[in-house]
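One structure below.
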Amino acid sequence: LQLVESGGDLVQPGASLRLSCAVSGNTENYPALGWFRQVLGKGREAVACIDINDATTFYGDSMEGRFTISGDNDKNTWFLQIHSLKPEDTGIYYCAAAEATIQALCLMTPVQVRLYGHWGQGTQVTVAP
């Protein structure tokens with residue numbers, strides 16, 4: 001399974017971005033896909049997770065509101081829409097797929113994701129005036 005993120009950019013505060021995660025390979029054993037981020041001063045944290053079969057979603061702590069996860073299972077592409085970007089959103093955004101429930105994926109540590117699934121390489125989001 002391979003995951004390739006794109007859509008990261010340098011934007012001004014208040015802007016919106018849509019990140020994409022293109023998934024290739026057999027997803028049959030990886031029903032949960034999630035977006036994580038690593039921002040300055042924090043460890044990698046879950047933003048949102050989605051069940052690729054029924055589109056059920058789960059959001060990380062304090063993430064619901066400005067972040068929306070969605071996707072197109074037929075095209076194997078999954079999205080993270082971010083609104084009202086703030087400088088503290090600056091960081092690398094990763095997608096991951098795992099053999100887990102969406103709640104479990106969103107609570108996994110990076111090592112656990114590596115054990116039960118796969119990481120993409122990340123895409124840089126920079127928010128600055």
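Ligands are numbered from 1 in the order shown, residues from 1 within each chain, and chains are lettered A, B, ... in the order they appear in the structure tokens.
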
What are the nearest atom pairs, with distances in Å to one decimal, for all residues of region 81-119 of chain A that come at most 7 Å from region 16-28 of chain A, using only C-alpha atoms, set out by chain and rising residue number as a Markdown table?
```
| residue | atom | partner | partner_atom | distance |
| --- | --- | --- | --- | --- |
| A:Gln81 | CA | A:Arg18 | CA | 4.4 |
| A:Ile82 | CA | A:Leu17 | CA | 5.3 |
| A:His83 | CA | A:Ser16 | CA | 4.4 |
| A:Ser84 | CA | A:Ser16 | CA | 5.9 |
| A:Leu85 | CA | A:Ser16 | CA | 6.1 |
| A:Cys95 | CA | A:Cys21 | CA | 6.4 |
```

- Which of region 26-121 of chain A fall in strand (DSSP E or B), as a PyMOL selection string: chain A and resi 32-39+45-51+57-59+64+67-72+77-82+91-98+117-119

For the selection you just gave me, I'd like the residues written to a file as a tab-separated table (two decimals), in the first residue's frame, keeping N, CA and C atoms.
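Written output follows (part_14.tsv):
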```
chain	number	residue	atom	x	y	z
A	32	ALA	N	-9.43	1.95	7.59
A	32	ALA	CA	-9.34	3.26	8.24
A	32	ALA	C	-8.24	4.08	7.62
A	33	LEU	N	-8.58	5.32	7.28
A	33	LEU	CA	-7.58	6.26	6.77
A	33	LEU	C	-7.65	7.52	7.62
A	34	GLY	N	-6.51	8.07	7.88
A	34	GLY	CA	-6.49	9.24	8.74
A	34	GLY	C	-5.51	10.30	8.30
A	35	TRP	N	-5.76	11.51	8.74
A	35	TRP	CA	-4.82	12.62	8.57
A	35	TRP	C	-4.23	12.96	9.93
A	36	PHE	N	-2.93	13.10	9.95
A	36	PHE	CA	-2.19	13.48	11.15
A	36	PHE	C	-1.34	14.69	10.80
A	37	ARG	N	-0.87	15.37	11.82
A	37	ARG	CA	0.04	16.48	11.55
A	37	ARG	C	1.09	16.57	12.64
A	38	GLN	N	2.22	17.13	12.25
A	38	GLN	CA	3.29	17.40	13.20
A	38	GLN	C	3.59	18.89	13.11
A	39	VAL	N	3.20	19.61	14.14
A	39	VAL	CA	3.41	21.06	14.17
A	39	VAL	C	4.47	21.37	15.20
A	45	GLU	N	0.06	14.40	15.81
A	45	GLU	CA	-1.27	14.31	16.38
A	45	GLU	C	-2.30	14.02	15.31
A	46	ALA	N	-3.35	13.33	15.73
A	46	ALA	CA	-4.41	12.98	14.80
A	46	ALA	C	-5.30	14.18	14.52
A	47	VAL	N	-5.61	14.41	13.27
A	47	VAL	CA	-6.55	15.45	12.88
A	47	VAL	C	-7.93	14.82	12.69
A	48	ALA	N	-8.01	13.82	11.83
A	48	ALA	CA	-9.30	13.19	11.55
A	48	ALA	C	-9.07	11.84	10.88
A	49	CYS	N	-10.02	10.94	11.08
A	49	CYS	CA	-9.96	9.62	10.46
A	49	CYS	C	-11.30	9.29	9.81
A	50	ILE	N	-11.24	8.46	8.78
A	50	ILE	CA	-12.45	8.12	8.03
A	50	ILE	C	-12.45	6.65	7.68
A	51	ASP	N	-13.63	6.05	7.73
A	51	ASP	CA	-13.79	4.67	7.27
A	51	ASP	C	-14.00	4.74	5.76
A	57	THR	N	-16.77	9.26	10.09
A	57	THR	CA	-15.60	10.05	10.45
A	57	THR	C	-15.41	10.13	11.96
A	58	PHE	N	-14.20	10.43	12.33
A	58	PHE	CA	-13.81	10.61	13.73
A	58	PHE	C	-12.75	11.69	13.74
A	59	TYR	N	-12.89	12.66	14.65
A	59	TYR	CA	-11.96	13.78	14.70
A	59	TYR	C	-11.13	13.75	15.97
A	64	GLU	N	-12.41	19.16	15.30
A	64	GLU	CA	-13.66	19.30	14.56
A	64	GLU	C	-14.02	20.77	14.47
A	67	PHE	N	-11.52	21.57	10.31
A	67	PHE	CA	-10.98	20.48	9.50
A	67	PHE	C	-12.12	19.56	9.06
A	68	THR	N	-12.10	19.17	7.80
A	68	THR	CA	-13.10	18.25	7.30
A	68	THR	C	-12.42	17.17	6.48
A	69	ILE	N	-12.65	15.92	6.86
A	69	ILE	CA	-12.09	14.80	6.11
A	69	ILE	C	-13.16	14.23	5.21
A	70	SER	N	-12.77	13.88	4.00
A	70	SER	CA	-13.72	13.31	3.04
A	70	SER	C	-12.92	12.51	2.02
A	71	GLY	N	-13.62	11.92	1.07
A	71	GLY	CA	-12.88	11.18	0.07
A	71	GLY	C	-13.74	10.57	-1.00
A	72	ASP	N	-13.07	9.99	-1.95
A	72	ASP	CA	-13.70	9.32	-3.08
A	72	ASP	C	-13.13	7.91	-3.13
A	77	THR	N	-8.86	8.39	-3.41
A	77	THR	CA	-8.25	9.66	-3.04
A	77	THR	C	-9.03	10.24	-1.88
A	78	TRP	N	-8.30	10.72	-0.88
A	78	TRP	CA	-8.91	11.19	0.35
A	78	TRP	C	-8.41	12.59	0.63
A	79	PHE	N	-9.26	13.39	1.23
A	79	PHE	CA	-9.00	14.82	1.35
A	79	PHE	C	-9.07	15.31	2.79
A	80	LEU	N	-8.33	16.36	3.05
A	80	LEU	CA	-8.48	17.10	4.29
A	80	LEU	C	-8.66	18.56	3.92
A	81	GLN	N	-9.84	19.08	4.16
A	81	GLN	CA	-10.12	20.49	3.92
A	81	GLN	C	-9.84	21.25	5.21
A	82	ILE	N	-9.06	22.31	5.09
A	82	ILE	CA	-8.73	23.11	6.26
A	82	ILE	C	-9.18	24.54	6.00
A	91	GLY	N	3.02	23.06	9.65
A	91	GLY	CA	3.64	21.78	9.96
A	91	GLY	C	3.54	20.84	8.78
A	92	ILE	N	3.88	19.60	9.03
A	92	ILE	CA	3.79	18.57	8.01
A	92	ILE	C	2.53	17.75	8.27
A	93	TYR	N	1.77	17.55	7.21
A	93	TYR	CA	0.52	16.81	7.31
A	93	TYR	C	0.70	15.47	6.60
A	94	TYR	N	0.36	14.42	7.33
A	94	TYR	CA	0.56	13.05	6.84
A	94	TYR	C	-0.78	12.33	6.73
A	95	CYS	N	-0.91	11.45	5.76
A	95	CYS	CA	-2.03	10.53	5.81
A	95	CYS	C	-1.51	9.14	6.13
A	96	ALA	N	-2.39	8.34	6.68
A	96	ALA	CA	-2.04	6.99	7.10
A	96	ALA	C	-3.25	6.10	6.91
A	97	ALA	N	-2.98	4.84	6.63
A	97	ALA	CA	-4.04	3.84	6.54
A	97	ALA	C	-3.68	2.68	7.44
A	98	ALA	N	-4.67	2.13	8.10
A	98	ALA	CA	-4.37	1.06	9.05
A	98	ALA	C	-5.48	0.02	9.08
A	117	GLY	N	-0.19	-0.44	9.82
A	117	GLY	CA	-0.56	0.17	8.55
A	117	GLY	C	0.60	0.83	7.88
A	118	HIS	N	0.30	1.96	7.24
A	118	HIS	CA	1.29	2.63	6.42
A	118	HIS	C	1.16	4.14	6.55
A	119	TRP	N	2.29	4.83	6.46
A	119	TRP	CA	2.33	6.30	6.42
A	119	TRP	C	2.63	6.77	5.00
```

- Query: For Val111 (chain A), which residue out of A:Thr123, A:Arg44, A:Met63, A:Asn29 is the nearest one, using only C-alpha atoms?
  - Reply: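 Ranked by minimum distance to Val111 (chain A), first place goes to A:Arg44.
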
- Task: Would you mind telling me which residue in A:Thr90, A:Asp74, A:Ala15, A:Gly43 lies nearest to Gln124 (chain A) when using only C-alpha atoms?
- Result: A:Thr90

- Between A:Asp54, A:Val113, A:Lys86, A:Arg66, which is the closest to Gly14 (chain A) once you count only C-alpha atoms? A:Lys86

- Residue among A:Leu115, A:Ala55, A:Leu107, A:Ala128 lying closest to Pro87 (chain A), counting only C-alpha atoms: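 Ranked by minimum distance to Pro87 (chain A), first place goes to A:Ala128.
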